[in-house]
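The structure file model.cif is reproduced below (mmCIF, C-alpha atoms).
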```cif
data_query
#
loop_
_atom_site.label_atom_id
_atom_site.label_comp_id
_atom_site.auth_asym_id
_atom_site.auth_seq_id
_atom_site.Cartn_x
_atom_site.Cartn_y
_atom_site.Cartn_z
CA MET J 1 121.59 111.29 -45.70
CA PHE J 2 121.76 114.08 -48.29
CA ASN J 3 124.00 115.04 -51.20
CA ILE J 4 124.01 118.84 -51.59
CA ILE J 5 124.70 119.66 -55.24
CA VAL J 6 125.77 123.11 -56.45
CA ARG J 7 126.95 124.51 -59.78
CA ALA J 8 130.52 125.59 -59.09
CA ARG J 9 133.45 124.32 -57.03
CA LYS J 10 133.65 127.57 -55.06
CA ASP J 11 129.98 127.08 -54.10
CA ALA J 12 130.80 123.55 -53.00
CA LYS J 13 133.59 124.89 -50.80
CA ALA J 14 131.11 127.15 -48.96
CA ILE J 15 128.71 124.23 -48.44
CA GLN J 16 131.50 121.91 -47.34
CA TYR J 17 132.37 124.35 -44.56
CA ILE J 18 128.80 124.04 -43.24
CA ASN J 19 128.95 120.28 -43.69
CA GLU J 20 132.07 120.05 -41.52
CA ARG J 21 130.84 122.59 -38.95
CA ASN J 22 127.26 121.34 -38.47
CA TYR J 23 127.09 117.78 -39.77
CA GLY J 24 130.52 116.40 -38.94
CA GLY J 25 131.28 116.13 -42.67
CA TYR J 26 128.82 113.24 -43.04
CA LEU J 27 126.64 114.85 -45.70
CA LYS J 28 127.97 114.79 -49.24
CA VAL J 29 128.71 117.87 -51.30
CA SER J 30 128.97 117.75 -55.11
CA SER J 31 129.76 120.29 -57.81
CA LEU J 32 128.44 120.30 -61.37
CA GLY J 33 131.82 121.61 -62.48
CA GLY J 34 130.92 125.22 -63.11
CA GLY J 35 128.99 124.94 -66.39
CA ARG J 36 125.95 127.14 -66.97
CA LYS J 37 124.11 124.93 -69.47
CA LEU J 38 122.85 121.38 -69.08
CA SER J 39 125.08 120.17 -71.90
CA GLU J 40 128.10 121.46 -69.97
CA VAL J 41 127.25 119.70 -66.70
CA GLU J 42 125.59 116.46 -67.85
CA ASP J 43 128.47 114.15 -66.88
CA ASN J 44 128.87 115.70 -63.43
CA LEU J 45 125.10 115.68 -62.92
CA ARG J 46 124.90 112.01 -63.86
CA GLU J 47 127.71 111.19 -61.44
CA ALA J 48 126.11 113.16 -58.60
CA LEU J 49 122.75 111.48 -59.15
CA SER J 50 124.33 108.03 -59.14
CA ASP J 51 125.12 108.53 -55.45
CA PRO J 52 122.60 106.85 -53.09
CA TYR J 53 122.29 109.96 -50.92
CA ILE J 54 119.15 112.10 -51.46
CA PRO J 55 119.94 115.07 -53.76
CA ILE J 56 119.41 118.67 -52.70
CA PHE J 57 120.20 121.27 -55.37
CA LEU J 58 121.11 124.83 -54.45
CA PHE J 59 121.37 127.47 -57.19
CA GLY J 60 121.82 131.24 -57.20
CA GLU J 61 119.55 133.75 -58.93
CA LYS J 62 121.89 133.88 -61.93
CA GLU J 63 121.54 130.10 -62.37
CA LYS J 64 117.75 129.87 -62.83
CA GLU J 65 118.02 128.71 -66.42
CA LEU J 66 120.30 125.82 -65.46
CA ALA J 67 118.07 124.97 -62.50
CA ASN J 68 115.03 124.69 -64.79
CA GLU J 69 116.93 122.34 -67.10
CA VAL J 70 118.17 120.21 -64.20
CA ILE J 71 114.63 119.85 -62.79
CA LYS J 72 113.62 117.88 -65.90
CA GLU J 73 116.47 115.41 -65.40
CA VAL J 74 115.98 114.60 -61.73
CA ASN J 75 113.74 111.94 -60.24
CA LYS J 76 112.03 112.18 -56.87
CA PRO J 77 112.72 112.40 -54.02
CA SER J 78 114.85 115.50 -54.53
CA PHE J 79 114.60 119.22 -53.93
CA ILE J 80 115.79 122.24 -55.89
CA ARG J 81 115.98 125.72 -54.38
CA ILE J 82 116.98 128.97 -56.00
CA LEU J 83 118.52 131.24 -53.38
CA ARG J 84 118.07 135.00 -53.18
CA THR J 85 121.76 135.73 -53.94
CA LYS J 86 123.30 135.66 -57.42
CA LYS J 87 125.53 132.73 -56.48
CA VAL J 88 125.36 130.21 -53.67
CA ARG J 89 128.70 131.33 -52.24
CA ASN J 90 127.45 134.93 -51.97
CA MET J 91 125.03 134.01 -49.19
CA ARG J 92 126.00 134.32 -45.53
CA VAL J 93 127.04 131.01 -44.00
CA ASP J 94 124.33 131.02 -41.32
CA GLU J 95 121.65 131.81 -43.90
CA LEU J 96 122.88 128.96 -46.09
CA TYR J 97 122.67 126.67 -43.07
CA GLU J 98 119.10 127.84 -42.36
CA ASN J 99 118.15 127.02 -45.96
CA ILE J 100 119.60 123.53 -45.64
CA GLU J 101 117.75 122.95 -42.35
CA ASP J 102 114.49 124.15 -43.91
CA ILE J 103 114.91 121.83 -46.92
CA LYS J 104 115.74 118.87 -44.66
CA ALA J 105 112.53 119.59 -42.73
CA ARG J 106 110.52 119.64 -45.97
CA PHE J 107 111.63 116.09 -46.76
CA ARG J 108 110.22 115.07 -43.36
CA LEU J 109 107.11 117.19 -43.26
CA GLY J 110 106.02 117.67 -46.86
CA VAL J 111 102.83 115.77 -47.66
CA GLU J 112 100.39 115.46 -50.55
CA TRP J 113 96.82 114.15 -50.28
CA VAL J 114 96.06 111.76 -53.15
CA GLU J 115 92.28 111.92 -53.42
CA ASN J 116 91.71 109.04 -55.83
CA LEU J 117 93.75 106.68 -53.64
CA LYS J 118 92.59 108.10 -50.30
CA ALA J 119 96.25 108.13 -49.29
CA TYR J 120 98.98 110.42 -48.00
CA LYS J 121 102.12 110.77 -50.10
CA PHE J 122 105.42 112.25 -48.91
CA GLU J 123 106.30 115.24 -51.10
CA PRO J 124 108.87 117.93 -50.13
CA GLU J 125 106.94 120.57 -52.09
CA ASN J 126 104.23 120.05 -49.42
CA PRO J 127 100.97 120.52 -51.40
CA ILE J 128 98.83 119.91 -48.30
CA GLY J 129 100.40 122.96 -46.65
CA LEU J 130 101.66 121.62 -43.31
CA GLU J 131 103.59 124.19 -41.32
CA VAL J 132 107.30 123.53 -41.90
CA ASN J 133 109.68 123.93 -38.98
CA PRO J 134 113.01 122.11 -38.45
CA ASP J 135 111.84 120.97 -35.00
CA TYR J 136 108.44 119.57 -36.06
CA ASP J 137 107.57 115.97 -36.82
CA ILE J 138 104.72 114.04 -38.41
CA TYR J 139 103.37 110.64 -37.48
CA PHE J 140 100.26 108.54 -38.09
CA ALA J 141 97.54 107.93 -35.52
CA LEU J 142 96.69 104.32 -36.33
CA GLY J 143 94.14 101.76 -35.27
CA GLU J 144 90.85 101.29 -33.49
CA GLY J 145 92.43 101.63 -30.05
CA PHE J 146 93.96 105.03 -30.84
CA ARG J 147 90.64 106.16 -32.27
CA LYS J 148 88.59 104.94 -29.31
CA ASN J 149 90.92 106.51 -26.75
CA MET J 150 90.83 109.86 -28.56
CA ILE J 151 87.03 109.75 -28.55
CA ASP J 152 86.76 108.62 -24.91
CA LEU J 153 89.37 110.97 -23.42
CA LEU J 154 89.23 114.01 -25.71
CA GLY J 155 85.96 113.81 -27.64
CA ILE J 156 87.84 113.79 -30.97
CA ASP J 157 87.23 111.20 -33.69
CA PRO J 158 90.37 111.02 -35.89
CA GLY J 159 89.24 107.95 -37.82
CA ASP J 160 91.33 104.79 -38.07
CA VAL J 161 94.18 106.61 -39.87
CA ALA J 162 95.02 110.25 -39.18
CA LEU J 163 98.07 112.34 -39.97
CA VAL J 164 99.48 114.24 -37.00
CA LEU J 165 101.74 117.30 -37.17
CA ARG J 166 103.66 117.37 -33.91
CA LYS J 167 104.92 120.84 -33.04
CA THR J 168 107.17 122.00 -30.23
CA MET J 169 105.86 121.79 -26.65
CA ASN J 170 103.85 118.67 -27.63
CA VAL J 171 101.18 120.61 -29.52
CA GLU J 172 99.60 118.41 -32.19
CA GLU J 173 97.46 119.12 -35.24
CA TYR J 174 95.33 116.23 -36.51
CA TYR J 175 94.45 115.78 -40.18
CA SER J 176 91.85 113.51 -41.74
CA GLY J 177 92.55 113.41 -45.46
CA PRO J 178 93.30 117.03 -46.46
CA HIS J 179 91.23 118.45 -43.58
CA ARG J 180 92.73 119.82 -40.37
CA ILE J 181 90.28 118.49 -37.79
CA ALA J 182 91.76 119.25 -34.35
CA GLU J 183 94.54 120.81 -32.33
CA VAL J 184 95.55 119.28 -29.01
CA SER J 185 98.03 120.58 -26.44
CA LYS J 186 99.91 117.86 -24.54
CA ILE J 187 102.36 120.11 -22.70
CA ILE J 188 104.21 118.21 -19.98
CA GLY J 189 103.02 119.17 -16.53
CA ARG J 190 99.69 120.56 -17.72
CA PRO J 191 96.29 119.02 -18.41
CA THR J 192 95.65 117.83 -21.95
CA GLU J 193 93.78 120.61 -23.75
CA VAL J 194 91.70 120.44 -26.91
CA LYS J 195 92.21 123.82 -28.59
CA TRP J 196 89.56 123.18 -31.22
CA ARG J 197 87.93 120.35 -33.18
CA ILE J 198 85.98 119.99 -36.43
CA PRO J 199 83.98 116.82 -37.24
CA ALA J 200 85.25 116.29 -40.81
CA LEU J 201 86.25 112.65 -41.29
CA GLU J 202 87.76 111.36 -44.53
CA GLU J 203 88.40 107.74 -45.46
CA VAL J 204 92.16 107.06 -45.43
CA SER J 205 93.77 103.84 -46.70
CA LEU J 206 96.85 102.74 -44.76
CA ASP J 207 97.70 100.04 -47.32
CA LYS J 208 97.64 102.52 -50.20
CA THR J 209 99.56 105.07 -48.16
CA ILE J 210 102.32 102.48 -47.71
CA LYS J 211 102.22 101.50 -51.38
CA VAL J 212 102.30 105.03 -52.79
CA ASN J 213 105.32 105.86 -50.60
CA MET J 214 107.45 102.79 -51.35
CA SER J 215 109.80 104.54 -53.78
CA TYR J 216 110.29 107.39 -51.28
CA LEU J 217 111.00 104.96 -48.42
CA GLU J 218 113.34 102.90 -50.60
CA ALA J 219 115.30 106.02 -51.55
CA PHE J 220 115.77 106.97 -47.90
CA GLU J 221 116.61 103.37 -47.08
CA ARG J 222 119.35 103.34 -49.75
CA ALA J 223 120.79 106.56 -48.33
CA SER J 224 120.76 105.21 -44.77
CA LEU J 225 122.29 101.88 -45.81
CA ALA J 226 125.07 103.67 -47.70
CA PHE J 227 125.74 105.72 -44.55
CA LEU J 228 125.91 102.57 -42.38
CA GLU J 229 128.23 100.85 -44.86
CA ARG J 230 130.91 103.35 -43.85
CA PHE J 231 131.11 101.49 -40.51
CA GLN J 232 131.08 97.88 -41.76
CA ASP J 233 134.51 97.20 -40.27
CA ARG J 234 132.98 97.51 -36.80
CA ASN J 235 130.74 95.29 -34.67
CA ALA J 236 127.15 96.49 -34.86
CA ILE J 237 125.20 97.08 -31.65
CA VAL J 238 121.66 98.47 -31.58
CA PRO J 239 120.35 99.78 -28.22
CA TRP J 240 116.77 98.56 -28.67
CA SER J 241 113.82 99.77 -26.63
CA GLY J 242 111.09 98.22 -28.77
CA GLY J 243 110.10 101.72 -29.87
CA LYS J 244 109.65 102.57 -33.54
CA ASP J 245 112.95 104.41 -34.03
CA SER J 246 115.24 101.77 -32.54
CA THR J 247 113.23 99.06 -34.35
CA ALA J 248 113.75 100.79 -37.71
CA ALA J 249 117.46 101.25 -36.89
CA LEU J 250 117.64 97.52 -36.17
CA ILE J 251 116.03 96.64 -39.52
CA LEU J 252 118.55 98.86 -41.34
CA ALA J 253 121.51 97.43 -39.42
CA ARG J 254 120.38 93.89 -40.21
CA LYS J 255 120.65 94.70 -43.93
CA VAL J 256 124.23 95.95 -43.72
CA PHE J 257 126.04 93.93 -41.05
CA ASP J 258 126.51 90.16 -41.01
CA ASP J 259 125.98 90.06 -37.26
CA VAL J 260 123.93 92.50 -35.23
CA THR J 261 123.62 92.51 -31.45
CA ALA J 262 120.48 94.17 -30.10
CA VAL J 263 120.72 95.20 -26.44
CA TYR J 264 117.38 95.53 -24.68
CA VAL J 265 117.85 97.27 -21.33
CA LYS J 266 114.67 96.49 -19.44
CA MET J 267 114.03 99.02 -16.70
CA GLU J 268 111.92 97.89 -13.78
CA TYR J 269 109.10 100.24 -14.84
CA GLU J 270 109.34 99.45 -18.56
CA MET J 271 106.33 100.11 -20.76
CA PRO J 272 104.00 97.07 -20.78
CA LEU J 273 104.00 94.57 -23.66
CA THR J 274 107.59 95.42 -24.57
CA ASP J 275 109.07 92.04 -23.54
CA GLU J 276 106.70 90.16 -25.82
CA TYR J 277 107.22 92.59 -28.71
CA VAL J 278 111.02 92.46 -28.49
CA GLU J 279 111.10 88.66 -28.38
CA GLU J 280 108.77 88.37 -31.36
CA VAL J 281 110.65 90.85 -33.57
CA ALA J 282 114.09 89.51 -32.57
CA SER J 283 113.00 86.06 -33.69
CA LYS J 284 111.63 87.41 -36.97
CA LEU J 285 114.81 89.36 -37.75
CA ASN J 286 117.11 86.58 -36.51
CA ILE J 287 119.35 88.88 -34.50
CA ASN J 288 121.41 88.35 -31.34
CA LEU J 289 119.34 89.66 -28.43
CA VAL J 290 120.95 90.62 -25.14
CA LYS J 291 118.49 91.42 -22.38
CA VAL J 292 119.62 93.34 -19.28
CA GLU J 293 117.24 93.94 -16.38
CA VAL J 294 117.72 97.06 -14.27
CA PRO J 295 115.96 97.61 -10.93
CA MET J 296 114.76 101.13 -10.17
CA PRO J 297 115.06 101.91 -6.42
CA ILE J 298 112.37 104.58 -6.29
CA HIS J 299 112.11 104.05 -2.52
CA LYS J 300 115.70 105.32 -2.30
CA TYR J 301 115.86 108.07 -4.95
CA GLY J 302 112.22 109.03 -5.40
CA LEU J 303 110.51 109.36 -8.77
CA PRO J 304 112.84 110.55 -11.55
CA THR J 305 112.56 114.25 -12.32
CA HIS J 306 113.75 116.48 -15.16
CA SER J 307 116.56 117.76 -12.96
CA ASN J 308 117.48 114.32 -11.59
CA ARG J 309 117.22 111.59 -14.23
CA TRP J 310 119.07 109.02 -12.17
CA CYS J 311 117.29 106.29 -14.16
CA THR J 312 118.93 107.40 -17.41
CA ARG J 313 122.37 107.07 -15.87
CA MET J 314 121.51 103.54 -14.74
CA LYS J 315 120.24 102.64 -18.22
CA VAL J 316 123.36 103.93 -19.97
CA GLU J 317 125.62 102.17 -17.45
CA ALA J 318 123.75 98.89 -18.03
CA LEU J 319 124.12 99.28 -21.79
CA TYR J 320 127.85 99.99 -21.57
CA ASN J 321 128.42 97.07 -19.18
CA ALA J 322 126.67 94.77 -21.65
CA ILE J 323 128.93 95.75 -24.55
CA LYS J 324 132.26 96.51 -22.85
CA ASP J 325 133.88 93.28 -24.04
CA ILE J 326 132.83 93.69 -27.68
CA GLU J 327 135.78 94.77 -29.81
CA ASN J 328 135.54 97.78 -32.11
CA PRO J 329 131.83 98.47 -31.51
CA VAL J 330 129.55 100.93 -33.27
CA LEU J 331 126.27 101.90 -31.62
CA ILE J 332 123.46 102.29 -34.18
CA VAL J 333 120.82 104.48 -32.55
CA GLY J 334 117.40 105.68 -33.66
CA ASP J 335 117.85 109.37 -32.85
CA ARG J 336 116.00 111.69 -35.27
CA ASP J 337 116.17 115.45 -35.82
CA SER J 338 112.51 116.06 -35.07
CA GLU J 339 112.56 114.53 -31.59
CA SER J 340 114.12 117.65 -30.10
CA ALA J 341 116.21 120.68 -31.04
CA LYS J 342 119.08 119.21 -29.02
CA ARG J 343 119.10 116.05 -31.15
CA ARG J 344 118.76 118.05 -34.37
CA LEU J 345 121.89 120.02 -33.57
CA LYS J 346 123.98 116.86 -33.06
CA PRO J 347 125.95 115.58 -36.06
CA PRO J 348 124.97 112.11 -37.38
CA VAL J 349 128.10 110.56 -35.84
CA VAL J 350 129.18 111.18 -32.24
CA GLU J 351 132.24 109.79 -30.49
CA ARG J 352 131.69 109.11 -26.80
CA GLU J 353 134.20 108.49 -24.04
CA THR J 354 133.37 105.48 -21.84
CA SER J 355 135.13 103.60 -19.07
CA PHE J 356 136.26 101.00 -21.62
CA GLY J 357 137.38 103.42 -24.34
CA ARG J 358 135.92 105.55 -27.11
CA ILE J 359 132.79 104.38 -28.90
CA LEU J 360 131.09 105.62 -32.06
CA GLU J 361 127.36 106.36 -32.04
CA VAL J 362 125.76 106.68 -35.49
CA MET J 363 122.25 107.80 -36.47
CA PRO J 364 120.97 106.37 -39.79
CA LEU J 365 117.43 107.71 -39.21
CA LYS J 366 118.50 111.24 -38.34
CA PHE J 367 116.64 112.88 -41.23
CA TRP J 368 113.52 110.66 -41.23
CA SER J 369 110.09 111.59 -39.87
CA GLY J 370 108.11 109.51 -37.40
CA ALA J 371 105.62 108.79 -40.21
CA MET J 372 108.41 107.52 -42.47
CA VAL J 373 109.67 105.26 -39.69
CA GLN J 374 106.18 103.85 -39.07
CA LEU J 375 105.56 103.04 -42.73
CA TYR J 376 109.05 101.59 -43.17
CA ILE J 377 108.53 99.13 -40.31
CA LEU J 378 105.09 98.13 -41.59
CA ALA J 379 106.41 97.77 -45.16
CA SER J 380 109.10 95.44 -43.72
CA GLY J 381 106.35 93.08 -42.55
CA ILE J 382 106.65 94.00 -38.86
CA LYS J 383 103.93 95.50 -36.69
CA LEU J 384 104.55 98.48 -34.46
CA HIS J 385 104.73 98.14 -30.69
CA PRO J 386 101.12 97.61 -29.48
CA LEU J 387 101.08 100.86 -27.48
CA TYR J 388 101.44 102.96 -30.65
CA TYR J 389 98.03 101.67 -31.65
CA GLN J 390 96.62 103.01 -28.37
CA GLY J 391 97.74 106.63 -28.69
CA PHE J 392 101.42 106.84 -27.77
CA TYR J 393 103.87 108.88 -29.87
CA ARG J 394 106.94 107.69 -27.99
CA LEU J 395 107.77 104.92 -25.50
CA GLY J 396 109.82 105.21 -22.35
CA CYS J 397 109.15 104.11 -18.79
CA THR J 398 105.85 104.31 -16.97
CA VAL J 399 107.45 106.61 -14.37
CA CYS J 400 109.24 108.88 -16.83
CA PRO J 401 109.21 112.61 -15.92
CA SER J 402 108.65 113.34 -19.64
CA LEU J 403 105.23 111.66 -19.64
CA ALA J 404 102.52 114.09 -20.66
CA GLN J 405 99.18 113.96 -18.88
CA TRP J 406 97.74 112.35 -22.03
CA GLU J 407 100.15 109.41 -21.64
CA ILE J 408 99.47 109.11 -17.92
CA ASP J 409 95.73 109.03 -18.63
CA LEU J 410 96.26 106.39 -21.31
CA LEU J 411 98.28 104.19 -18.99
CA GLU J 412 95.57 104.51 -16.35
CA LYS J 413 92.79 103.77 -18.84
CA LEU J 414 94.65 100.65 -19.99
CA ASN J 415 95.33 99.58 -16.35
CA TYR J 416 99.09 99.95 -16.81
CA LEU J 417 99.78 102.92 -14.54
CA PRO J 418 102.02 101.95 -11.57
CA GLU J 419 100.78 102.66 -8.06
CA VAL J 420 103.64 105.12 -7.48
CA MET J 421 102.27 107.27 -10.32
CA LYS J 422 98.61 107.32 -9.38
CA ASN J 423 98.92 110.53 -7.39
CA ARG J 424 100.81 112.32 -10.15
CA LYS J 425 97.84 114.25 -11.48
CA VAL J 426 97.91 117.71 -12.96
CA SER J 427 95.64 120.27 -11.34
CA GLY J 428 95.30 122.67 -14.24
CA ALA J 429 97.85 125.26 -13.20
#
```
Take the structure from the file and write it as structure tokens.
Amino acid sequence: MFNIIVRARKDAKAIQYINERNYGGYLKVSSLGGGRKLSEVEDNLREALSDPYIPIFLFGEKEKELANEVIKEVNKPSFIRILRTKKVRNMRVDELYENIEDIKARFRLGVEWVENLKAYKFEPENPIGLEVNPDYDIYFALGEGFRKNMIDLLGIDPGDVALVLRKTMNVEEYYSGPHRIAEVSKIIGRPTEVKWRIPALEEVSLDKTIKVNMSYLEAFERASLAFLERFQDRNAIVPWSGGKDSTAALILARKVFDDVTAVYVKMEYEMPLTDEYVEEVASKLNINLVKVEVPMPIHKYGLPTHSNRWCTRMKVEALYNAIKDIENPVLIVGDRDSESAKRRLKPPVVERETSFGRILEVMPLKFWSGAMVQLYILASGIKLHPLYYQGFYRLGCTVCPSLAQWEIDLLEKLNYLPEVMKNRKVSGA
């Protein structure tokens, strides 16, 4: 979560309107009290920086001198932007919102290549020059299996650790060290297409990448924990798929709530190896695990499609049935902005109407990247789901209509593709 800090109270009022309108009021907004010199705002600055939320500073053109003084006082991670208007409150509301969305994206996507460590470091100023877009994500392609499958299926060698910029429409750019080495299109419903490739491998250290990012991850962890603490009077439930996002949400919840119930809804065509992974991690985290098995009558409804996701309805119903007797529940979900524009536009807290009453759904990872989530799990002493090491970005079911041809080919290569999916091949149209 973020704390947006501005110079004057009238500026804060403009930002608070956006906070209420677009973020449900769950960001924080702070004012430096109106002073124009550091000596005049020091106490308010110190108070704002004592908050665990990540600081974003917005200044107008007339406040450059103050901004330059504040920069020297602020530790990372943080971001300071001088807007094109004289004062923050002079900017149109929608343009202010666009600036906030752009800055949020920079925290996710900004990366620096540290040559002497052979490591990637998260840095909102983005020295490596990744394209910044509010709907993009980054993640790491990790492991020998991922590397081998990329070579075998696409003729691309990304090395054992590669940085991936995931754009809209499942278009991915692969980086090895500071070098952009390939672009791959994984558009759903079309064949996987290698746009271009360059054989330029760089040694990358995963251990040093984790180490150099620990302060960044700890800062985001503090912000997310402070956000979750607002719901400590409720009973914590984590819908857990075994995927990276719900696993990270579970780790965070375990640090805030005395008791956490993880609900694993196992669909009949669940991704392989998930049962074993969930059992192992649940034991390590010492959490209450509720497992619900859901049959999928494909013979009756046919394969799920984008226009008829009958399986999703069954999964949600199974989840709600599992928790309907829990008093005052809060669902802690792993939704993140960069998964889709639809998720980005949701506030971090949503109230849902169910058959057993209203339920809160909260998103502590909303402003994290996939790469941050991966490193956070690994830094917590937990491995990722085995399929991430084979080339998957996300996990769902093996009959999901959102599977790209790349994922179908991977499942087939690993002998995990169900018989009902073996005719679902893309012709090239």
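In this model, the gap between CA of Trp240 in chain J and CA of Ser340 in chain J comes to 19.3 Å.
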Worksheet item: Contacts of Ala371 in chain J at 8 Å or less, counting all atoms listed in the file, minus same-chain residues fewer than 4 places along, as an NGL selection string?
Response: :J and (138-140 or 375)
Item to complete: For the structure shown, which residues end up in the PyMOL selection byres ((chain J and resi 42) around 12)? Put them as a ChimeraX atom specification, please?
Response: /J:7,31-41,43-49,66,69-70,73-74
Write a file of the just-selected residues containing C-alpha atoms, as a JSON list (two decimals), in the frame of the given file.
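Generated file (selection_22.json):
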```
[["chain", "number", "residue", "atom", "x", "y", "z"],
["J", 7, "ARG", "CA", 126.95, 124.51, -59.78],
["J", 31, "SER", "CA", 129.76, 120.29, -57.81],
["J", 32, "LEU", "CA", 128.44, 120.30, -61.37],
["J", 33, "GLY", "CA", 131.82, 121.61, -62.48],
["J", 34, "GLY", "CA", 130.92, 125.22, -63.11],
["J", 35, "GLY", "CA", 128.99, 124.94, -66.39],
["J", 36, "ARG", "CA", 125.95, 127.14, -66.97],
["J", 37, "LYS", "CA", 124.11, 124.93, -69.47],
["J", 38, "LEU", "CA", 122.85, 121.38, -69.08],
["J", 39, "SER", "CA", 125.08, 120.17, -71.90],
["J", 40, "GLU", "CA", 128.10, 121.46, -69.97],
["J", 41, "VAL", "CA", 127.25, 119.70, -66.70],
["J", 43, "ASP", "CA", 128.47, 114.15, -66.88],
["J", 44, "ASN", "CA", 128.87, 115.70, -63.43],
["J", 45, "LEU", "CA", 125.10, 115.68, -62.92],
["J", 46, "ARG", "CA", 124.90, 112.01, -63.86],
["J", 47, "GLU", "CA", 127.71, 111.19, -61.44],
["J", 48, "ALA", "CA", 126.11, 113.16, -58.60],
["J", 49, "LEU", "CA", 122.75, 111.48, -59.15],
["J", 66, "LEU", "CA", 120.30, 125.82, -65.46],
["J", 69, "GLU", "CA", 116.93, 122.34, -67.10],
["J", 70, "VAL", "CA", 118.17, 120.21, -64.20],
["J", 73, "GLU", "CA", 116.47, 115.41, -65.40],
["J", 74, "VAL", "CA", 115.98, 114.60, -61.73]]
```
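Nearest residue to Lys195 in chain J, choosing from J:Glu98, J:Glu65, J:Glu173, J:Glu419 and counting only C-alpha atoms: J:Glu173.
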Practice prompt. Name the residues that the PyMOL selection byres ((chain J and resi 213) around 10) picks from the file above, as a ChimeraX atom specification, using the file's chain letters and numbers.
Written response: /J:119-123,208-212,214-218,372,375-376,379
Worksheet item: List as an MDAnalysis selection string: which residues have an atom within 6 Å of (92.9, 116.0, -50.7), counting only C-alpha atoms?
Response: chainID J and resid 113:115 177:178
Item to complete: Run the PyMOL selection byres ((chain J and resi 354-365) around 10) against the file shown and list the residues it catches, as an MDAnalysis selection string.
Response: chainID J and resid 1 220:221 223:228 231 234 237:238 245:246 248:249 252:253 317 320:321 323:325 328:337 346:353 366:370 372:373
Atoms kept (C-alpha atoms) for selection, written as an mmCIF file, in the coordinates of the input:
```
data_model
loop_
_atom_site.group_PDB
_atom_site.id
_atom_site.type_symbol
_atom_site.label_atom_id
_atom_site.label_comp_id
_atom_site.auth_asym_id
_atom_site.auth_seq_id
_atom_site.Cartn_x
_atom_site.Cartn_y
_atom_site.Cartn_z
ATOM 1 C CA MET J 1 121.590 111.290 -45.700
ATOM 2 C CA PHE J 220 115.770 106.970 -47.900
ATOM 3 C CA GLU J 221 116.610 103.370 -47.080
ATOM 4 C CA ALA J 223 120.790 106.560 -48.330
ATOM 5 C CA SER J 224 120.760 105.210 -44.770
ATOM 6 C CA LEU J 225 122.290 101.880 -45.810
ATOM 7 C CA ALA J 226 125.070 103.670 -47.700
ATOM 8 C CA PHE J 227 125.740 105.720 -44.550
ATOM 9 C CA LEU J 228 125.910 102.570 -42.380
ATOM 10 C CA PHE J 231 131.110 101.490 -40.510
ATOM 11 C CA ARG J 234 132.980 97.510 -36.800
ATOM 12 C CA ILE J 237 125.200 97.080 -31.650
ATOM 13 C CA VAL J 238 121.660 98.470 -31.580
ATOM 14 C CA ASP J 245 112.950 104.410 -34.030
ATOM 15 C CA SER J 246 115.240 101.770 -32.540
ATOM 16 C CA ALA J 248 113.750 100.790 -37.710
ATOM 17 C CA ALA J 249 117.460 101.250 -36.890
ATOM 18 C CA LEU J 252 118.550 98.860 -41.340
ATOM 19 C CA ALA J 253 121.510 97.430 -39.420
ATOM 20 C CA GLU J 317 125.620 102.170 -17.450
ATOM 21 C CA TYR J 320 127.850 99.990 -21.570
ATOM 22 C CA ASN J 321 128.420 97.070 -19.180
ATOM 23 C CA ILE J 323 128.930 95.750 -24.550
ATOM 24 C CA LYS J 324 132.260 96.510 -22.850
ATOM 25 C CA ASP J 325 133.880 93.280 -24.040
ATOM 26 C CA ASN J 328 135.540 97.780 -32.110
ATOM 27 C CA PRO J 329 131.830 98.470 -31.510
ATOM 28 C CA VAL J 330 129.550 100.930 -33.270
ATOM 29 C CA LEU J 331 126.270 101.900 -31.620
ATOM 30 C CA ILE J 332 123.460 102.290 -34.180
ATOM 31 C CA VAL J 333 120.820 104.480 -32.550
ATOM 32 C CA GLY J 334 117.400 105.680 -33.660
ATOM 33 C CA ASP J 335 117.850 109.370 -32.850
ATOM 34 C CA ARG J 336 116.000 111.690 -35.270
ATOM 35 C CA ASP J 337 116.170 115.450 -35.820
ATOM 36 C CA LYS J 346 123.980 116.860 -33.060
ATOM 37 C CA PRO J 347 125.950 115.580 -36.060
ATOM 38 C CA PRO J 348 124.970 112.110 -37.380
ATOM 39 C CA VAL J 349 128.100 110.560 -35.840
ATOM 40 C CA VAL J 350 129.180 111.180 -32.240
ATOM 41 C CA GLU J 351 132.240 109.790 -30.490
ATOM 42 C CA ARG J 352 131.690 109.110 -26.800
ATOM 43 C CA GLU J 353 134.200 108.490 -24.040
ATOM 44 C CA LYS J 366 118.500 111.240 -38.340
ATOM 45 C CA PHE J 367 116.640 112.880 -41.230
ATOM 46 C CA TRP J 368 113.520 110.660 -41.230
ATOM 47 C CA SER J 369 110.090 111.590 -39.870
ATOM 48 C CA GLY J 370 108.110 109.510 -37.400
ATOM 49 C CA MET J 372 108.410 107.520 -42.470
ATOM 50 C CA VAL J 373 109.670 105.260 -39.690
#
```
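Minimum distance to Leu250 in chain J across J:Ile187, J:Ala282, J:Ile71, J:Leu345 (counting all atoms listed in the file) occurs at J:Ala282.
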Axis-aligned box for all listed atoms of range 48-59 of chain J, 4 Å per side, centre and edges in Å to one decimal, as JSON:
```
{"center_x": 122.6, "center_y": 117.2, "center_z": -55.0, "size_x": 15.0, "size_y": 28.6, "size_z": 16.2}
```
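In this comparison, which uses all atoms listed in the file, the residue of J:Ala14, J:Met267, J:Cys397, J:Val420 approaching Leu303 in chain J most closely is J:Val420.
By chain and then residue number, the residues within 10 Å of Gly110 in chain J are Ile103, Ala105, Arg106, Phe107, Arg108, Glu112, Lys121, Phe122, Glu123, Pro124, Glu125, Asn126, Pro127, Ile128, Gly129, Leu130, Glu131, Val132 and Ile138 of chain J, counting all atoms listed in the file and disregarding those fewer than 2 positions away in sequence.
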